[in-house]
Amino acid sequence: MKPSLNKLIDVRKYLISFDSHKLPHIFTDVLVIGSGIAGLSAAVEAAKSSSVLIVTKDKVNENNTQYSQGGIAAVISEEDSFNDHINDTVKTGRGLSDKDVVEGIVREGPDRINDLISMGVKFDEEDGGLALTQEGGHSKRRILRANGDTTGREIERGLIEFAKKTGNITVHEYTFTIDLLVIDGVCKGIVAWHSQKGTMLIWAKQTILASGGCGRLYRETTNPKVAKGDGVAMAFRAGAEIRNMEFVQFHPTTLYIAGATRTLISETVRGEGGLLKNHDGERFMPKYHADAELAPRDIVSQSILKEIRATDHTHVYLDVTHIPEDVFSARFPKIKNICESFDIDITKDLIPVRPSAHYMIGGVKVDEIGRTDIINLFACGEVSSTGLHGANRLGSNSLLEGLVYGYRAGKEARAVIKDDNLELSPIHIKYKSPTPKQAELDLGDVKDALQSLMWRSVGIERDKKHLFEAKQMIDYWCAYVFEKEFLFSAGWEVQNMLTVARIITEMAEQREETRGAHFRKDFPERDDEKWNRQLAVKRG
């Protein structure tokens, strides 16, 4: 598919002008962009025989993994089976999951969990074994958790501490990756920027893109501020294939307090008995799906939206008052503390919730070991599209995917370096931006307007009219944002956000059906005859 992207997006290979002769250079065997579960797993594995440099645009633990509450899915219990997990994943993916990919990840999962445990990650235990819970779409209890509801934070802690003990790994925090250096279809590293050190070139024999998602494209999101789609945007500029970007997953339950940042209320709260009720106090999920509160996320989010509209209210409620306080406090200490900070007493008050943008299902297309279609460039984690999730992600499969593909990418990267005896050979690059205009611009206003537009027109429900209007508005902003060359990260982030938003909107307009996380009001039925296929885009 060749979308009619704004010509200013399509023409820019790099966001800045630069001459490699005039910049400082850094060299490494393996470069990892991002420090979530995928990036850290890749770094740890690659470091077994290669020097590794991790660059991350904020502090090392500021990423979506850090904020993950629910857990990581894996077949651990004897009551569970690989086939059950595979079938649950494929069913949730609505026909677009690659079954071979699903099977490979699911079967590899327990080994990678054991890797985490050996590196010092401490999962919760119960009755002499690992504690397991259930989430929507899962037919069995297979979600491992840590510290109740701070699983991601514990995984990050364990991986970071292990990486620090590894002599081959260096971490550069607060280092913004502007663009991938790609010459004749081969990735040579990146153009990067640090607020004190300025612009630099980092040359690598192998580059692993693990930069995370793009939830911050939306006004309502569970994602931290770093998740703005930089990885997909830079991969698109570099010429990589991007696919399935119309499938943005919205988490059904985030704490809704007007004026406050949206905070995730883990799906495992419903797995442990939490009930969804509307403004009239009626439990509503049984009328929408046989699995009620444990239905897949797309169905729960769309059902909540219907109830909000039917009751003319801004949100619905999660009722946990029937769960004993000591049980809830032990199982969800973070969520209990968050509720208390807003004077919500979980023993008698209902928790106000509504959906928010949560996870990008699409991304940079990769093969079974994380290779992109650019030589020497891998991608793993949320920035990638492996074929696991299809049209809708099964809860807690994302950490599993990042763990498995991070391991695979790191292993293959170091193997290629060893087998092919790769050498670093910097090349002189001089790039001049075709539109290097300098002018005043209120970037904050553009960013806020874009987030509101995406939430309003490219959110849980879409239709042709609003998608077309969104494309026009994004093109209007591109006309003056991409005519400028910025010298700081806030400008590059807005350019990246516009790029990714334009791709999502174009793909959402093209897919004239409803499937998984993509809901078209004007095409409310799934259409396997025309649309049981992937949509992809490449620059140029």
# chains A, B, ... in the order shown; residues from 1 in each chain; ligands from 1
>>> select_by_dssp(residues="stretch 317-442 of chain A", states="helix (DSSP H, G or I)", output="ChimeraX atom specification")
/A:325-331,333-341,381-383,397-420
>>> residues_around(residues="A:Asp448", least_positions_apart="2", cutoff="12 Å", atoms="only C-alpha atoms", output="list in words")
Arg216, Leu217, Tyr218, Arg219, Glu220, Asp442, Leu443, Gly444, Asp445, Val446, Leu450, Gln451, Ser452, Leu453, Met454, Trp455, Val494, Met497 and Leu498 of chain A
>>> closest_residue(among="A:Asp88, A:Glu423, A:Asp475, A:Glu412", to="A:Lys188", atoms="only C-alpha atoms")
A:Glu423
>>> residues_around(residues="A:Met234", least_positions_apart="2", cutoff="9 Å", atoms="only C-alpha atoms", output="list of chain:residue names")
A:Lys13, A:Tyr14, A:Thr177, A:Ile178, A:Asp179, A:Leu180, A:Gly229, A:Asp230, A:Gly231, A:Val232, A:Phe236, A:Arg237, A:Ala238, A:Gly239, A:Ala240, A:Asn496
>>> residues_around(residues="A:Thr514", least_positions_apart="4", cutoff="9 Å", atoms="only C-alpha atoms", output="MDAnalysis selection string")
chainID A and resid 518:527
>>> residues_around(residues="A:Gly274", least_positions_apart="3", cutoff="10 Å", atoms="only C-alpha atoms", output="count of residues only")
15
>>> residues_around(residues="stretch 138-146 of chain A", least_positions_apart="2", cutoff="7 Å", atoms="only C-alpha atoms", output="list of chain:residue names")
A:Gly70, A:Gly71, A:Ile72, A:Ala73, A:Ala74, A:Val75, A:Ile76, A:Asp80, A:Asp88, A:Lys122, A:Phe123, A:Asp124, A:Ala131, A:Leu132, A:Thr133, A:Gln134, A:Glu135, A:Gly136, A:Gly148, A:Asp149, A:Thr150, A:Thr151, A:Glu154, A:Ser396
>>> write_last_selection(atoms="C-alpha atoms", output="short mmCIF file (atom, residue, chain, number, x, y, z; two decimals), in the first residue's frame")
data_model
loop_
_atom_site.label_atom_id
_atom_site.label_comp_id
_atom_site.auth_asym_id
_atom_site.auth_seq_id
_atom_site.Cartn_x
_atom_site.Cartn_y
_atom_site.Cartn_z
CA GLY A 70 -0.94 -6.79 35.29
CA GLY A 71 1.88 -9.15 34.45
CA ILE A 72 3.40 -11.40 31.82
CA ALA A 73 1.62 -14.38 30.26
CA ALA A 74 3.29 -17.80 30.11
CA VAL A 75 2.29 -21.44 30.37
CA ILE A 76 3.53 -22.37 33.85
CA ASP A 80 -2.62 -24.90 31.41
CA ASP A 88 -6.56 -17.83 23.09
CA LYS A 122 11.23 -11.89 41.78
CA PHE A 123 7.72 -12.94 40.79
CA ASP A 124 5.04 -13.39 43.43
CA ALA A 131 1.34 -17.00 41.66
CA LEU A 132 -0.92 -16.89 38.61
CA THR A 133 -3.98 -14.82 37.78
CA GLN A 134 -6.39 -14.46 34.87
CA GLU A 135 -7.19 -11.67 32.42
CA GLY A 136 -9.73 -11.09 29.69
CA GLY A 148 0.97 -7.48 43.39
CA ASP A 149 0.44 -4.90 40.67
CA THR A 150 3.90 -3.55 39.81
CA THR A 151 5.16 -6.36 37.62
CA GLU A 154 10.16 -5.43 39.11
CA SER A 396 -0.04 -9.62 29.10
#
>>> select_by_dssp(residues="stretch 58-251 of chain A", states="strand (DSSP E)", output="VMD selection string")
chain A and resid 72 to 73 125 to 126 129 to 130 132 to 133 143 to 144 169 to 172 175 to 183 186 to 194 198 to 209 242 to 243 248 to 251
>>> atom_distance(atom1="atom CA of A:Ser49", atom2="atom CA of A:Gly36")
21.2 Å
>>> atom_distance(atom1="atom CA of A:Asp291", atom2="atom CA of A:Glu272")
13.7 Å
>>> residues_around(residues="A:Asn223", least_positions_apart="5", cutoff="10 Å", atoms="only C-alpha atoms", output="list of chain:residue names")
A:Asn63, A:Asn64, A:Thr65, A:Tyr67, A:Ser68, A:Gly213, A:Cys214, A:Gly215, A:Arg216, A:Leu217, A:Tyr218, A:Lys228, A:Arg262, A:Thr263, A:Leu264, A:Ser356, A:Ala357, A:His358, A:Tyr359
>>> closest_residue(among="A:Lys465, A:Lys336, A:His313, A:Arg94", to="A:Pro296", atoms="only C-alpha atoms")
A:Arg94
>>> atom_distance(atom1="atom CA of A:Gly34", atom2="atom CA of A:Val500")
18.0 Å
>>> decode(residues="stretch 325-366 of chain A", atoms="N, CA and C atoms", output="PDB file, in the first residue's frame")
ATOM      1  N   GLU A 325     -11.082  -6.273  51.859  1.00  0.00           N
ATOM      2  CA  GLU A 325     -10.076  -5.215  51.802  1.00  0.00           C
ATOM      3  C   GLU A 325      -8.661  -5.771  51.933  1.00  0.00           C
ATOM      4  N   ASP A 326      -8.467  -6.735  52.829  1.00  0.00           N
ATOM      5  CA  ASP A 326      -7.122  -7.262  53.008  1.00  0.00           C
ATOM      6  C   ASP A 326      -6.638  -7.998  51.764  1.00  0.00           C
ATOM      7  N   VAL A 327      -7.553  -8.662  51.070  1.00  0.00           N
ATOM      8  CA  VAL A 327      -7.203  -9.365  49.833  1.00  0.00           C
ATOM      9  C   VAL A 327      -6.833  -8.359  48.750  1.00  0.00           C
ATOM     10  N   PHE A 328      -7.658  -7.319  48.582  1.00  0.00           N
ATOM     11  CA  PHE A 328      -7.400  -6.308  47.557  1.00  0.00           C
ATOM     12  C   PHE A 328      -6.097  -5.566  47.851  1.00  0.00           C
ATOM     13  N   SER A 329      -5.882  -5.220  49.103  1.00  0.00           N
ATOM     14  CA  SER A 329      -4.679  -4.464  49.480  1.00  0.00           C
ATOM     15  C   SER A 329      -3.408  -5.263  49.211  1.00  0.00           C
ATOM     16  N   ALA A 330      -3.461  -6.562  49.471  1.00  0.00           N
ATOM     17  CA  ALA A 330      -2.293  -7.404  49.233  1.00  0.00           C
ATOM     18  C   ALA A 330      -2.058  -7.635  47.746  1.00  0.00           C
ATOM     19  N   ARG A 331      -3.154  -7.728  47.015  1.00  0.00           N
ATOM     20  CA  ARG A 331      -3.052  -8.048  45.588  1.00  0.00           C
ATOM     21  C   ARG A 331      -2.796  -6.818  44.741  1.00  0.00           C
ATOM     22  N   PHE A 332      -3.367  -5.673  45.117  1.00  0.00           N
ATOM     23  CA  PHE A 332      -3.249  -4.453  44.306  1.00  0.00           C
ATOM     24  C   PHE A 332      -2.848  -3.253  45.173  1.00  0.00           C
ATOM     25  N   PRO A 333      -1.682  -3.300  45.800  1.00  0.00           N
ATOM     26  CA  PRO A 333      -1.286  -2.195  46.687  1.00  0.00           C
ATOM     27  C   PRO A 333      -1.143  -0.846  45.975  1.00  0.00           C
ATOM     28  N   LYS A 334      -0.620  -0.869  44.759  1.00  0.00           N
ATOM     29  CA  LYS A 334      -0.448   0.384  44.033  1.00  0.00           C
ATOM     30  C   LYS A 334      -1.792   1.000  43.671  1.00  0.00           C
ATOM     31  N   ILE A 335      -2.696   0.182  43.170  1.00  0.00           N
ATOM     32  CA  ILE A 335      -4.011   0.687  42.776  1.00  0.00           C
ATOM     33  C   ILE A 335      -4.767   1.211  43.989  1.00  0.00           C
ATOM     34  N   LYS A 336      -4.658   0.506  45.117  1.00  0.00           N
ATOM     35  CA  LYS A 336      -5.326   0.972  46.342  1.00  0.00           C
ATOM     36  C   LYS A 336      -4.787   2.339  46.756  1.00  0.00           C
ATOM     37  N   ASN A 337      -3.467   2.514  46.687  1.00  0.00           N
ATOM     38  CA  ASN A 337      -2.862   3.799  47.061  1.00  0.00           C
ATOM     39  C   ASN A 337      -3.296   4.910  46.119  1.00  0.00           C
ATOM     40  N   ILE A 338      -3.386   4.594  44.823  1.00  0.00           N
ATOM     41  CA  ILE A 338      -3.834   5.598  43.856  1.00  0.00           C
ATOM     42  C   ILE A 338      -5.264   6.020  44.152  1.00  0.00           C
ATOM     43  N   CYS A 339      -6.121   5.041  44.422  1.00  0.00           N
ATOM     44  CA  CYS A 339      -7.516   5.366  44.743  1.00  0.00           C
ATOM     45  C   CYS A 339      -7.601   6.225  46.000  1.00  0.00           C
ATOM     46  N   GLU A 340      -6.840   5.874  47.013  1.00  0.00           N
ATOM     47  CA  GLU A 340      -6.861   6.645  48.258  1.00  0.00           C
ATOM     48  C   GLU A 340      -6.399   8.076  48.047  1.00  0.00           C
ATOM     49  N   SER A 341      -5.469   8.266  47.102  1.00  0.00           N
ATOM     50  CA  SER A 341      -4.979   9.630  46.841  1.00  0.00           C
ATOM     51  C   SER A 341      -6.070  10.526  46.265  1.00  0.00           C
ATOM     52  N   PHE A 342      -7.120   9.911  45.710  1.00  0.00           N
ATOM     53  CA  PHE A 342      -8.269  10.667  45.199  1.00  0.00           C
ATOM     54  C   PHE A 342      -9.499  10.483  46.089  1.00  0.00           C
ATOM     55  N   ASP A 343      -9.245  10.077  47.348  1.00  0.00           N
ATOM     56  CA  ASP A 343     -10.314   9.911  48.339  1.00  0.00           C
ATOM     57  C   ASP A 343     -11.361   8.884  47.908  1.00  0.00           C
ATOM     58  N   ILE A 344     -10.915   7.856  47.204  1.00  0.00           N
ATOM     59  CA  ILE A 344     -11.804   6.757  46.834  1.00  0.00           C
ATOM     60  C   ILE A 344     -11.556   5.610  47.805  1.00  0.00           C
ATOM     61  N   ASP A 345     -12.567   5.269  48.574  1.00  0.00           N
ATOM     62  CA  ASP A 345     -12.483   4.172  49.529  1.00  0.00           C
ATOM     63  C   ASP A 345     -12.967   2.901  48.839  1.00  0.00           C
ATOM     64  N   ILE A 346     -12.053   1.991  48.526  1.00  0.00           N
ATOM     65  CA  ILE A 346     -12.406   0.817  47.727  1.00  0.00           C
ATOM     66  C   ILE A 346     -13.372  -0.123  48.444  1.00  0.00           C
ATOM     67  N   THR A 347     -13.553   0.048  49.749  1.00  0.00           N
ATOM     68  CA  THR A 347     -14.484  -0.826  50.475  1.00  0.00           C
ATOM     69  C   THR A 347     -15.939  -0.390  50.302  1.00  0.00           C
ATOM     70  N   LYS A 348     -16.155   0.868  49.857  1.00  0.00           N
ATOM     71  CA  LYS A 348     -17.542   1.330  49.704  1.00  0.00           C
ATOM     72  C   LYS A 348     -17.784   2.199  48.470  1.00  0.00           C
ATOM     73  N   ASP A 349     -16.694   2.711  47.864  1.00  0.00           N
ATOM     74  CA  ASP A 349     -16.848   3.576  46.702  1.00  0.00           C
ATOM     75  C   ASP A 349     -16.562   2.816  45.406  1.00  0.00           C
ATOM     76  N   LEU A 350     -17.284   3.165  44.352  1.00  0.00           N
ATOM     77  CA  LEU A 350     -17.002   2.625  43.030  1.00  0.00           C
ATOM     78  C   LEU A 350     -15.865   3.445  42.395  1.00  0.00           C
ATOM     79  N   ILE A 351     -15.044   2.777  41.586  1.00  0.00           N
ATOM     80  CA  ILE A 351     -13.894   3.436  40.961  1.00  0.00           C
ATOM     81  C   ILE A 351     -14.310   3.925  39.572  1.00  0.00           C
ATOM     82  N   PRO A 352     -14.262   5.244  39.316  1.00  0.00           N
ATOM     83  CA  PRO A 352     -14.643   5.757  37.987  1.00  0.00           C
ATOM     84  C   PRO A 352     -13.575   5.397  36.947  1.00  0.00           C
ATOM     85  N   VAL A 353     -14.009   4.792  35.844  1.00  0.00           N
ATOM     86  CA  VAL A 353     -13.061   4.361  34.805  1.00  0.00           C
ATOM     87  C   VAL A 353     -13.614   4.654  33.420  1.00  0.00           C
ATOM     88  N   ARG A 354     -12.687   4.753  32.458  1.00  0.00           N
ATOM     89  CA  ARG A 354     -13.038   4.843  31.045  1.00  0.00           C
ATOM     90  C   ARG A 354     -11.838   4.397  30.229  1.00  0.00           C
ATOM     91  N   PRO A 355     -12.022   4.048  28.955  1.00  0.00           N
ATOM     92  CA  PRO A 355     -10.898   3.567  28.150  1.00  0.00           C
ATOM     93  C   PRO A 355      -9.894   4.662  27.826  1.00  0.00           C
ATOM     94  N   SER A 356      -8.655   4.249  27.592  1.00  0.00           N
ATOM     95  CA  SER A 356      -7.585   5.143  27.147  1.00  0.00           C
ATOM     96  C   SER A 356      -6.665   4.389  26.196  1.00  0.00           C
ATOM     97  N   ALA A 357      -6.010   5.124  25.313  1.00  0.00           N
ATOM     98  CA  ALA A 357      -5.039   4.517  24.403  1.00  0.00           C
ATOM     99  C   ALA A 357      -3.941   3.839  25.215  1.00  0.00           C
ATOM    100  N   HIS A 358      -3.611   2.619  24.832  1.00  0.00           N
ATOM    101  CA  HIS A 358      -2.735   1.825  25.681  1.00  0.00           C
ATOM    102  C   HIS A 358      -1.579   1.163  24.943  1.00  0.00           C
ATOM    103  N   TYR A 359      -1.839   0.602  23.754  1.00  0.00           N
ATOM    104  CA  TYR A 359      -0.804  -0.214  23.117  1.00  0.00           C
ATOM    105  C   TYR A 359      -0.920  -0.133  21.597  1.00  0.00           C
ATOM    106  N   MET A 360       0.227   0.039  20.912  1.00  0.00           N
ATOM    107  CA  MET A 360       0.257   0.017  19.463  1.00  0.00           C
ATOM    108  C   MET A 360       0.492  -1.411  18.990  1.00  0.00           C
ATOM    109  N   ILE A 361      -0.508  -2.000  18.357  1.00  0.00           N
ATOM    110  CA  ILE A 361      -0.398  -3.371  17.890  1.00  0.00           C
ATOM    111  C   ILE A 361       0.498  -3.455  16.656  1.00  0.00           C
ATOM    112  N   GLY A 362       0.399  -2.479  15.770  1.00  0.00           N
ATOM    113  CA  GLY A 362       1.232  -2.453  14.578  1.00  0.00           C
ATOM    114  C   GLY A 362       2.624  -1.921  14.859  1.00  0.00           C
ATOM    115  N   GLY A 363       3.422  -1.813  13.793  1.00  0.00           N
ATOM    116  CA  GLY A 363       4.778  -1.296  13.950  1.00  0.00           C
ATOM    117  C   GLY A 363       5.672  -1.689  12.799  1.00  0.00           C
ATOM    118  N   VAL A 364       6.962  -1.760  13.071  1.00  0.00           N
ATOM    119  CA  VAL A 364       7.950  -2.106  12.059  1.00  0.00           C
ATOM    120  C   VAL A 364       7.888  -3.617  11.815  1.00  0.00           C
ATOM    121  N   LYS A 365       7.654  -4.014  10.594  1.00  0.00           N
ATOM    122  CA  LYS A 365       7.534  -5.435  10.282  1.00  0.00           C
ATOM    123  C   LYS A 365       8.869  -6.149  10.494  1.00  0.00           C
ATOM    124  N   VAL A 366       8.813  -7.291  11.177  1.00  0.00           N
ATOM    125  CA  VAL A 366      10.012  -8.099  11.425  1.00  0.00           C
ATOM    126  C   VAL A 366       9.734  -9.560  11.116  1.00  0.00           C
TER     127      VAL A 366
END
